[in-house]
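Text of the file target33.txt, holding compact mmCIF, C-alpha atoms and all ligand atoms:
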```txt
# COMPACT_ATOMS: atom_id res chain seq x y z
CA MET A 1 73.20 -125.45 -111.59
CA ALA A 2 74.41 -128.11 -109.20
CA ASP A 3 72.92 -126.20 -106.30
CA GLU A 4 70.11 -123.65 -106.40
CA ASN A 5 71.78 -121.62 -103.69
CA ASN A 6 74.38 -120.63 -106.26
CA VAL A 7 71.76 -118.42 -107.86
CA HIS A 8 72.00 -115.94 -105.00
CA GLY A 9 75.72 -115.46 -105.64
CA VAL A 10 75.15 -114.90 -109.35
CA VAL A 11 72.39 -112.38 -108.64
CA ARG A 12 74.58 -110.53 -106.14
CA ARG A 13 77.45 -110.29 -108.64
CA LEU A 14 75.13 -109.13 -111.42
CA LEU A 15 73.58 -106.46 -109.22
CA ALA A 16 76.99 -105.25 -108.07
CA GLU A 17 78.15 -104.99 -111.67
CA VAL A 18 75.04 -103.14 -112.83
CA ARG A 19 75.20 -100.72 -109.89
CA LYS A 20 78.78 -99.60 -110.62
CA PRO A 21 78.73 -95.84 -111.14
CA TYR A 22 79.61 -94.41 -114.53
CA LYS A 23 79.83 -90.99 -116.08
CA VAL A 24 77.32 -89.32 -118.36
CA ALA A 25 78.30 -85.89 -119.68
CA GLY A 26 80.81 -85.55 -116.86
CA ARG A 27 78.34 -86.43 -114.11
CA GLU A 28 78.53 -89.58 -112.11
CA THR A 29 75.44 -91.69 -112.19
CA SER A 30 74.35 -95.27 -111.57
CA VAL A 31 71.43 -97.54 -112.24
CA GLY A 32 69.67 -100.08 -110.06
CA ALA A 33 67.94 -103.26 -111.09
CA SER A 34 65.22 -105.60 -109.90
CA VAL A 35 65.77 -109.27 -110.53
CA GLY A 36 63.31 -112.05 -111.29
CA VAL A 37 64.51 -115.64 -111.30
CA ALA A 38 62.60 -118.64 -112.65
CA ILE A 39 63.74 -122.04 -111.43
CA SER A 40 62.63 -125.39 -112.82
CA GLY A 41 63.73 -128.87 -113.75
CA THR A 42 62.22 -130.06 -116.99
CA GLU A 43 58.81 -128.46 -116.57
CA TYR A 44 59.31 -125.76 -119.14
CA GLU A 45 59.01 -126.52 -122.82
CA THR A 46 60.12 -123.26 -124.39
CA PRO A 47 62.49 -120.40 -123.48
CA GLU A 48 59.51 -118.03 -123.66
CA GLN A 49 57.83 -119.86 -120.77
CA ILE A 50 60.94 -119.43 -118.60
CA LEU A 51 61.19 -115.76 -119.49
CA ARG A 52 57.52 -115.24 -118.79
CA ASP A 53 57.82 -116.62 -115.26
CA ALA A 54 61.08 -114.77 -114.65
CA ASP A 55 59.23 -111.66 -115.81
CA THR A 56 56.39 -112.35 -113.36
CA ALA A 57 58.97 -112.67 -110.59
CA MET A 58 60.64 -109.45 -111.72
CA TYR A 59 57.37 -107.50 -111.59
CA LYS A 60 56.84 -108.86 -108.08
CA ALA A 61 60.37 -107.75 -107.17
CA LYS A 62 59.75 -104.28 -108.56
CA ALA A 63 56.51 -104.01 -106.63
CA ALA A 64 58.38 -104.96 -103.43
CA GLY A 65 60.72 -101.98 -103.72
CA LYS A 66 64.08 -101.08 -105.21
CA SER A 67 66.82 -103.64 -105.96
CA LYS A 68 64.84 -106.67 -104.82
CA VAL A 69 65.11 -110.26 -106.00
CA GLU A 70 62.14 -112.60 -106.40
CA PHE A 71 61.91 -116.24 -107.38
CA PHE A 72 59.34 -118.10 -109.40
CA HIS A 73 59.66 -121.73 -108.40
CA ILE A 74 57.48 -123.89 -110.56
CA ARG A 75 58.06 -127.13 -108.65
CA LYS A 76 57.59 -125.68 -105.20
CA ARG A 77 54.20 -124.26 -106.11
CA PRO A 78 51.48 -126.82 -106.68
CA GLU A 79 49.07 -123.95 -107.24
CA ASP A 80 51.00 -123.11 -110.38
CA MET A 81 49.38 -126.10 -112.07
CA GLN A 82 46.03 -124.54 -111.20
CA LEU A 83 47.27 -121.30 -112.66
CA LEU A 84 48.34 -122.96 -115.88
CA LEU A 85 44.93 -124.59 -116.15
CA MET A 86 43.17 -121.30 -115.51
CA GLU A 87 45.39 -119.62 -118.06
CA LYS A 88 44.25 -122.11 -120.68
CA ASN A 89 40.57 -121.57 -119.82
CA LEU A 90 41.01 -117.83 -119.79
CA ARG A 91 42.54 -117.89 -123.23
CA GLN A 92 39.44 -119.72 -124.44
CA ALA A 93 37.24 -117.31 -122.51
CA VAL A 94 38.41 -114.48 -124.72
CA GLU A 95 37.79 -116.46 -127.90
CA ARG A 96 34.41 -117.73 -126.70
CA GLU A 97 33.30 -114.29 -125.58
CA GLU A 98 32.74 -115.34 -121.98
CA LEU A 99 33.97 -112.01 -120.64
CA GLU A 100 31.56 -109.24 -119.83
CA LEU A 101 31.66 -105.79 -118.30
CA HIS A 102 29.51 -104.73 -115.41
CA TYR A 103 29.22 -101.08 -114.51
CA GLN A 104 29.23 -99.61 -111.03
CA PRO A 105 27.82 -96.11 -110.62
CA ILE A 106 29.84 -93.42 -108.88
CA VAL A 107 27.61 -90.78 -107.29
CA SER A 108 28.12 -87.19 -106.29
CA LEU A 109 27.66 -86.34 -102.62
CA ASN A 110 26.64 -82.86 -103.68
CA GLY A 111 23.78 -83.56 -106.03
CA GLY A 112 23.26 -87.27 -105.39
CA HIS A 113 23.38 -87.96 -109.14
CA VAL A 114 25.46 -90.52 -111.01
CA THR A 115 28.56 -88.95 -112.57
CA CYS A 116 30.39 -91.97 -113.88
CA PHE A 117 30.23 -95.74 -114.34
CA GLU A 118 33.29 -97.81 -113.58
CA ALA A 119 33.64 -100.77 -115.95
CA LEU A 120 34.45 -103.95 -114.00
CA LEU A 121 35.31 -107.23 -115.67
CA ARG A 122 33.38 -110.43 -115.05
CA TRP A 123 34.08 -113.87 -116.48
CA ARG A 124 31.10 -116.09 -117.00
CA HIS A 125 32.71 -119.49 -116.63
CA PRO A 126 31.22 -122.21 -118.88
CA GLN A 127 30.46 -124.17 -115.70
CA GLY A 128 27.95 -121.52 -114.75
CA TYR A 129 29.65 -119.48 -112.06
CA ARG A 130 30.99 -115.96 -112.28
CA VAL A 131 34.70 -115.38 -111.75
CA PHE A 132 35.81 -112.05 -110.29
CA PRO A 133 38.71 -110.02 -111.64
CA SER A 134 40.77 -110.34 -108.45
CA VAL A 135 41.10 -114.03 -109.40
CA PHE A 136 41.77 -113.88 -113.11
CA VAL A 137 43.32 -110.45 -113.79
CA PRO A 138 46.56 -111.47 -112.00
CA VAL A 139 46.63 -114.63 -114.15
CA ALA A 140 46.10 -112.56 -117.29
CA GLU A 141 48.87 -110.22 -116.11
CA ARG A 142 51.30 -113.16 -116.19
CA ASN A 143 51.25 -113.20 -119.96
CA GLN A 144 50.15 -111.18 -122.93
CA LEU A 145 46.54 -112.14 -122.27
CA ILE A 146 46.01 -108.91 -120.33
CA ASP A 147 46.86 -106.99 -123.50
CA VAL A 148 44.07 -108.72 -125.39
CA ILE A 149 41.59 -108.47 -122.51
CA GLY A 150 42.56 -104.89 -121.69
CA GLU A 151 42.07 -103.77 -125.27
CA TRP A 152 38.70 -105.51 -125.36
CA VAL A 153 37.67 -103.65 -122.18
CA ILE A 154 38.70 -100.27 -123.59
CA ARG A 155 36.85 -100.76 -126.88
CA LYS A 156 33.78 -102.27 -125.25
CA ALA A 157 33.44 -99.54 -122.61
CA CYS A 158 33.84 -96.74 -125.17
CA LYS A 159 31.16 -98.30 -127.38
CA GLN A 160 28.87 -98.72 -124.38
CA SER A 161 29.29 -95.09 -123.47
CA LEU A 162 28.20 -94.15 -126.98
CA VAL A 163 25.06 -96.28 -126.61
CA TRP A 164 24.11 -94.44 -123.41
CA ARG A 165 24.77 -91.11 -125.06
CA ASN A 166 22.56 -92.03 -127.97
CA GLU A 167 19.81 -92.87 -125.49
CA GLY A 168 20.05 -89.36 -124.11
CA PHE A 169 22.24 -89.92 -121.06
CA ASP A 170 25.08 -87.74 -122.18
CA ASP A 171 26.44 -86.47 -118.91
CA VAL A 172 27.76 -89.76 -117.53
CA ARG A 173 31.34 -90.74 -118.04
CA VAL A 174 32.80 -94.21 -118.10
CA SER A 175 35.96 -95.23 -116.27
CA ILE A 176 38.33 -98.05 -117.08
CA ASN A 177 40.94 -99.79 -114.95
CA LEU A 178 44.39 -100.18 -116.46
CA SER A 179 46.66 -102.89 -115.14
CA SER A 180 50.34 -102.23 -114.60
CA ARG A 181 51.30 -104.20 -117.66
CA GLN A 182 48.83 -102.35 -119.86
CA PHE A 183 50.08 -99.04 -118.53
CA HIS A 184 53.57 -99.97 -119.72
CA SER A 185 52.41 -101.21 -123.12
CA PRO A 186 53.60 -99.07 -126.05
CA ASN A 187 50.25 -99.62 -127.81
CA LEU A 188 48.10 -98.18 -125.05
CA ILE A 189 47.84 -94.59 -126.28
CA HIS A 190 47.05 -95.70 -129.81
CA THR A 191 44.38 -98.14 -128.60
CA ILE A 192 42.69 -95.43 -126.56
CA GLN A 193 42.81 -92.90 -129.38
CA GLU A 194 41.39 -95.42 -131.80
CA SER A 195 38.65 -96.56 -129.42
CA LEU A 196 37.58 -92.97 -128.78
CA ALA A 197 37.49 -92.27 -132.51
CA ASP A 198 35.62 -95.50 -133.32
CA ALA A 199 32.97 -94.69 -130.71
CA ASP A 200 32.93 -91.02 -131.72
CA LEU A 201 33.50 -90.20 -128.09
CA ALA A 202 34.99 -86.98 -126.70
CA ALA A 203 38.14 -87.69 -124.66
CA ASP A 204 36.74 -86.09 -121.51
CA CYS A 205 33.95 -88.68 -121.40
CA LEU A 206 36.56 -91.27 -120.59
CA GLU A 207 38.30 -91.74 -117.28
CA LEU A 208 41.36 -93.98 -116.81
CA GLU A 209 42.22 -95.48 -113.44
CA ILE A 210 45.69 -96.63 -112.55
CA THR A 211 46.51 -97.87 -109.09
CA GLU A 212 48.75 -95.88 -106.83
CA SER A 213 51.31 -98.70 -106.83
CA THR A 214 51.49 -98.73 -110.64
CA ALA A 215 52.05 -94.96 -110.65
CA ALA A 216 54.54 -95.02 -107.78
CA HIS A 217 56.54 -97.95 -109.09
CA ASP A 218 58.06 -95.81 -111.83
CA ALA A 219 56.86 -92.32 -111.08
CA GLU A 220 58.81 -90.53 -113.81
CA PHE A 221 57.43 -92.86 -116.44
CA ALA A 222 53.95 -92.39 -114.97
CA VAL A 223 54.28 -88.59 -115.19
CA SER A 224 55.20 -88.79 -118.87
CA ILE A 225 52.41 -91.19 -119.91
CA LEU A 226 49.81 -89.43 -117.78
CA SER A 227 50.83 -86.12 -119.33
CA GLU A 228 50.17 -87.55 -122.79
CA PHE A 229 46.71 -88.67 -121.72
CA LYS A 230 46.12 -85.25 -120.22
CA ARG A 231 47.00 -83.64 -123.54
CA MET A 232 44.43 -85.88 -125.21
CA GLY A 233 41.86 -84.61 -122.70
CA VAL A 234 41.19 -87.92 -120.95
CA ARG A 235 40.39 -87.72 -117.22
CA LEU A 236 42.76 -89.51 -114.88
CA ALA A 237 42.26 -91.16 -111.52
CA ILE A 238 44.63 -92.77 -109.05
CA ASP A 239 42.91 -95.92 -107.78
CA ASP A 240 43.35 -97.65 -104.40
CA PHE A 241 44.99 -94.53 -103.01
CA GLY A 242 46.68 -94.97 -99.64
CA THR A 243 48.10 -98.42 -100.37
CA GLY A 244 50.88 -97.69 -102.82
CA TYR A 245 53.62 -95.62 -101.16
CA SER A 246 53.67 -92.77 -103.66
CA SER A 247 55.60 -89.73 -102.60
CA LEU A 248 53.68 -86.51 -102.21
CA SER A 249 56.14 -84.70 -104.44
CA TYR A 250 55.20 -87.05 -107.28
CA LEU A 251 51.54 -86.87 -106.48
CA LYS A 252 51.84 -83.16 -107.11
CA GLN A 253 53.43 -83.83 -110.51
CA PHE A 254 50.92 -86.42 -111.70
CA PRO A 255 48.52 -84.51 -113.97
CA ILE A 256 45.52 -86.29 -112.46
CA ASP A 257 41.94 -85.25 -111.72
CA ILE A 258 40.76 -87.74 -109.12
CA LEU A 259 41.97 -89.68 -106.08
CA LYS A 260 40.06 -92.80 -105.12
CA ILE A 261 40.43 -93.68 -101.44
CA ASP A 262 41.09 -97.39 -101.12
CA GLN A 263 38.24 -99.33 -99.58
CA SER A 264 40.45 -100.68 -96.81
CA PHE A 265 40.38 -97.21 -95.23
CA VAL A 266 36.65 -96.83 -95.73
CA LYS A 267 35.65 -100.20 -94.30
CA ASP A 268 36.03 -99.32 -90.61
CA ILE A 269 35.23 -95.61 -90.55
CA PRO A 270 34.10 -93.86 -88.48
CA ASP A 271 34.75 -96.30 -85.58
CA ASP A 272 38.40 -96.97 -86.31
CA ALA A 273 40.13 -93.74 -85.32
CA ASP A 274 43.24 -94.43 -87.45
CA ASP A 275 41.26 -95.14 -90.60
CA ALA A 276 39.07 -92.12 -89.97
CA ALA A 277 42.18 -89.96 -89.63
CA ILE A 278 43.67 -91.40 -92.82
CA ALA A 279 40.49 -90.92 -94.84
CA LYS A 280 40.19 -87.37 -93.55
CA SER A 281 43.82 -86.60 -94.45
CA ILE A 282 43.52 -88.06 -97.93
CA ILE A 283 40.50 -85.85 -98.58
CA ALA A 284 42.40 -82.81 -97.30
CA ILE A 285 45.50 -83.58 -99.41
CA ALA A 286 43.38 -84.16 -102.52
CA HIS A 287 41.50 -80.91 -102.08
CA SER A 288 44.66 -78.92 -101.50
CA LEU A 289 45.98 -80.33 -104.79
CA ASP A 290 42.69 -79.42 -106.46
CA LEU A 291 41.70 -83.04 -106.99
CA LYS A 292 38.32 -84.63 -106.65
CA VAL A 293 38.01 -87.45 -104.11
CA VAL A 294 36.00 -90.63 -104.54
CA ALA A 295 35.59 -93.02 -101.60
CA GLU A 296 35.41 -96.67 -102.68
CA GLY A 297 33.47 -99.46 -100.99
CA VAL A 298 30.95 -97.35 -99.08
CA GLU A 299 28.40 -99.69 -97.52
CA THR A 300 26.83 -98.02 -94.47
CA GLU A 301 25.01 -94.83 -93.52
CA GLU A 302 27.65 -94.12 -90.87
CA GLN A 303 30.45 -94.21 -93.45
CA LEU A 304 28.40 -91.97 -95.72
CA LYS A 305 27.72 -89.47 -92.95
CA PHE A 306 31.40 -89.30 -92.05
CA LEU A 307 32.44 -88.83 -95.69
CA ARG A 308 29.87 -86.08 -96.18
CA ALA A 309 31.14 -84.31 -93.09
CA GLN A 310 34.68 -84.46 -94.52
CA GLN A 311 33.43 -83.04 -97.85
CA CYS A 312 34.33 -86.07 -99.84
CA ASP A 313 33.12 -85.36 -103.39
CA GLU A 314 31.81 -88.70 -104.60
CA ILE A 315 31.27 -92.24 -103.44
CA GLN A 316 31.06 -95.69 -104.95
CA GLY A 317 29.74 -98.68 -103.06
CA HIS A 318 27.01 -101.09 -102.20
CA ILE A 319 25.11 -98.45 -100.26
CA PHE A 320 24.10 -97.05 -103.63
CA SER A 321 24.61 -99.90 -106.08
CA HIS A 322 26.67 -102.97 -106.94
CA ALA A 323 28.30 -103.24 -110.34
CA LEU A 324 25.39 -103.82 -112.72
CA PRO A 325 24.99 -105.76 -115.93
CA VAL A 326 24.47 -103.37 -118.80
CA GLU A 327 20.66 -103.81 -119.06
CA GLU A 328 20.24 -102.67 -115.47
CA VAL A 329 22.33 -99.55 -116.03
CA VAL A 330 19.75 -98.11 -118.41
CA GLU A 331 16.99 -98.88 -115.89
CA LEU A 332 18.92 -97.00 -113.23
CA LEU A 333 19.47 -94.03 -115.53
CA LYS A 334 15.86 -93.96 -116.71
CA ASN A 335 14.59 -93.98 -113.13
CA LYS A 336 16.97 -91.10 -112.35
CA HIS A 337 17.97 -93.10 -109.29
CA SER A 338 19.96 -90.83 -106.99
CA LEU A 339 21.51 -90.89 -103.54
CA ALA A 340 19.16 -89.76 -100.78
CA ARG A 341 20.37 -86.68 -98.93
P1 LIG B 1 38.90 -101.48 -108.20
O1 LIG B 1 39.19 -100.81 -109.48
O2 LIG B 1 39.36 -100.80 -106.96
O3 LIG B 1 37.32 -101.68 -108.18
C1 LIG B 1 36.52 -101.59 -107.04
C2 LIG B 1 36.15 -102.95 -106.50
O4 LIG B 1 35.41 -102.80 -105.31
C3 LIG B 1 35.26 -103.77 -107.43
O5 LIG B 1 35.60 -105.13 -107.23
C4 LIG B 1 33.88 -103.49 -106.86
O6 LIG B 1 32.92 -104.48 -107.19
C5 LIG B 1 34.20 -103.50 -105.39
N1 LIG B 1 33.20 -102.78 -104.60
C6 LIG B 1 32.48 -101.70 -104.97
N2 LIG B 1 31.69 -101.27 -103.97
C7 LIG B 1 31.92 -102.09 -102.93
C8 LIG B 1 31.39 -102.15 -101.58
O7 LIG B 1 30.56 -101.36 -101.16
N3 LIG B 1 31.88 -103.14 -100.79
C9 LIG B 1 32.82 -104.02 -101.22
N4 LIG B 1 33.24 -104.95 -100.37
N5 LIG B 1 33.33 -103.99 -102.47
C10 LIG B 1 32.88 -103.04 -103.31
P2 LIG B 1 35.78 -106.12 -108.44
O8 LIG B 1 34.77 -105.84 -109.52
O9 LIG B 1 35.84 -107.50 -107.89
O10 LIG B 1 37.19 -105.71 -109.02
C11 LIG B 1 38.36 -105.89 -108.27
C12 LIG B 1 39.54 -105.25 -108.94
O11 LIG B 1 39.85 -105.91 -110.17
C13 LIG B 1 39.31 -103.79 -109.32
O12 LIG B 1 39.50 -102.97 -108.19
C14 LIG B 1 40.38 -103.61 -110.38
O13 LIG B 1 41.62 -103.37 -109.79
C15 LIG B 1 40.43 -104.97 -111.04
N6 LIG B 1 39.66 -104.90 -112.31
C16 LIG B 1 38.33 -104.94 -112.53
N7 LIG B 1 38.04 -104.80 -113.84
C17 LIG B 1 39.22 -104.62 -114.47
C18 LIG B 1 39.61 -104.40 -115.85
O14 LIG B 1 38.79 -104.27 -116.75
N8 LIG B 1 40.93 -104.28 -116.11
C19 LIG B 1 41.87 -104.36 -115.12
N9 LIG B 1 43.17 -104.24 -115.46
N10 LIG B 1 41.56 -104.56 -113.83
C20 LIG B 1 40.26 -104.69 -113.50
MG MG B 2 39.09 -99.01 -110.16
MG MG B 3 40.05 -99.36 -106.06
```
Mind turning the file's structure into structure tokens?
Amino acid sequence: MADENNVHGVVRRLLAEVRKPYKVAGRETSVGASVGVAISGTEYETPEQILRDADTAMYKAKAAGKSKVEFFHIRKRPEDMQLLLMEKNLRQAVEREELELHYQPIVSLNGGHVTCFEALLRWRHPQGYRVFPSVFVPVAERNQLIDVIGEWVIRKACKQSLVWRNEGFDDVRVSINLSSRQFHSPNLIHTIQESLADADLAADCLELEITESTAAHDAEFAVSILSEFKRMGVRLAIDDFGTGYSSLSYLKQFPIDILKIDQSFVKDIPDDADDAAIAKSIIAIAHSLDLKVVAEGVETEEQLKFLRAQQCDEIQGHIFSHALPVEEVVELLKNKHSLAR
């Protein structure tokens, strides 16, 4: 290209061409497209690197809505060098077994007991500090690394659940977060089936969380994959609910069991009247669809009181416990630690 601005014209022409209606079995139909563009000088060394960054841009475009265009501009982003460096370290982290899972209890507001542990990734960096998933999961999402990490998480959490069962704690489930890329991976179902079989674990001991935006982004696809999981007997939760623009008609079709209210709506209840109204409505919608509701990020007594009054089913948050390293989970279970009424 002589001029980068020419890209816009090319994208417009491509989109116009793709959008042209055509006939299928006598009915007129058309398809849309989201476009990701990677722009560089000589920074890239292989075609795969260009495609990877174009792919990253495309996922961003898809997340932004229908028929959007996004750019990945390697030269205009100094932080990309940081990213590349982190990517390299993260790759080694997997090989050097620097990743670990912590488990955060989810407790019932009815009985006060722990019903489930959510597995949350931590990276113990060789320089001594702990890196949180909000920093490195997006980096891992940029390439196939999330496939490797995601599979490790699934296998590890299933095995861990078996250990707890063998110690006599057989009524706690374990839940796992699936990233958007994992959710779209053709291997996912097989990996889950195999991990359950390897750990000799019943499917209903496992809960899978996908975010509302992942589900909403391609709702028909989500319905079909979620239905397969449902047939296997795995429990399903929509995570970060309230942030992802899903339509209620799809929500009704998702064969899910649980809605998790995003912590952004929990943070300022009950003082913020808007957030209180939203949290209350989410609970009402969930119950009318026969779903269980979990409030995330509960930190204060006031939040807890409000959620109880709204008949929220379960909570997860610092008021009860942080995510714990595995040794501390057994302590918590042995002490039968429960939420005060
Ligand atoms: P999430 O699935 O919504 O997990 C809940 C997050 O809220 C966790 O952050 C948890 O530590 C934090 N949290 C829990 N209670 C409280 C509270 O009372 N106050 C506050 N301020 N925060 C609380 P974490 O562990 O940093 O994880 C962030 C996100 O990273 C997760 O959000 C999830 O989307 C993603 N993630 C974590 N582990 C995995 C994984 O194994 N695979 C994938 N794909 N994503 C993961
Ligand atoms: Mg989650
Ligand atoms: Mg969440």
Please return as a ChimeraX atom specification the residues found within 8 Å of ligand LIG 1 (chain B), counting only C-alpha atoms and all ligand atoms. /A:101-102,104,118-122,132-134,137,146,149-150,153-154,176-180,182,209,211,239-240,262-263,296-299,316-319,321-323
Residues within 12 Å of Leu15 in chain A, please, as a PyMOL selection string. Count only C-alpha atoms; anything in the same chain fewer than 6 positions from it doesn't count. chain A and resi 8-9+21+30-36+66-69
Counting all atoms listed in the file, the option among A:Val94, A:Ala215, A:Leu226, A:Ile210 closest to ligand MG 3 (chain B): A:Ile210
List the spatial neighbours of Thr115 in chain A as a ChimeraX atom specification - criterion: any atom at most 6 Å away, only C-alpha atoms, same-chain residues fewer than 4 positions off excluded. /A:106-107,172
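Counting from CA of Ser108 in chain A, the distance to CA of Ile315 in chain A is 6.6 Å.
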Long-range neighbours of range 286-295 of chain A as a JSON list (two decimals) with C-alpha atoms, keeping the file's coordinate frame, 7 Å cut-off, only C-alpha atoms, 6 positions minimum in chain:
```
[["chain", "number", "residue", "atom", "x", "y", "z"],
["A", 252, "LYS", "CA", 51.84, -83.16, -107.11],
["A", 257, "ASP", "CA", 41.94, -85.25, -111.72],
["A", 258, "ILE", "CA", 40.76, -87.74, -109.12],
["A", 259, "LEU", "CA", 41.97, -89.68, -106.08],
["A", 260, "LYS", "CA", 40.06, -92.80, -105.12],
["A", 261, "ILE", "CA", 40.43, -93.68, -101.44],
["A", 312, "CYS", "CA", 34.33, -86.07, -99.84],
["A", 313, "ASP", "CA", 33.12, -85.36, -103.39],
["A", 314, "GLU", "CA", 31.81, -88.70, -104.60],
["A", 315, "ILE", "CA", 31.27, -92.24, -103.44],
["A", 316, "GLN", "CA", 31.06, -95.69, -104.95]]
```
Have a look at CA of Glu331 in chain A and CA of Gly111 in chain A and let me know their distance in Å, one decimal. 19.4 Å
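Put simply, CA of Arg165 in chain A is 14.5 Å away from CA of Leu332 in chain A.
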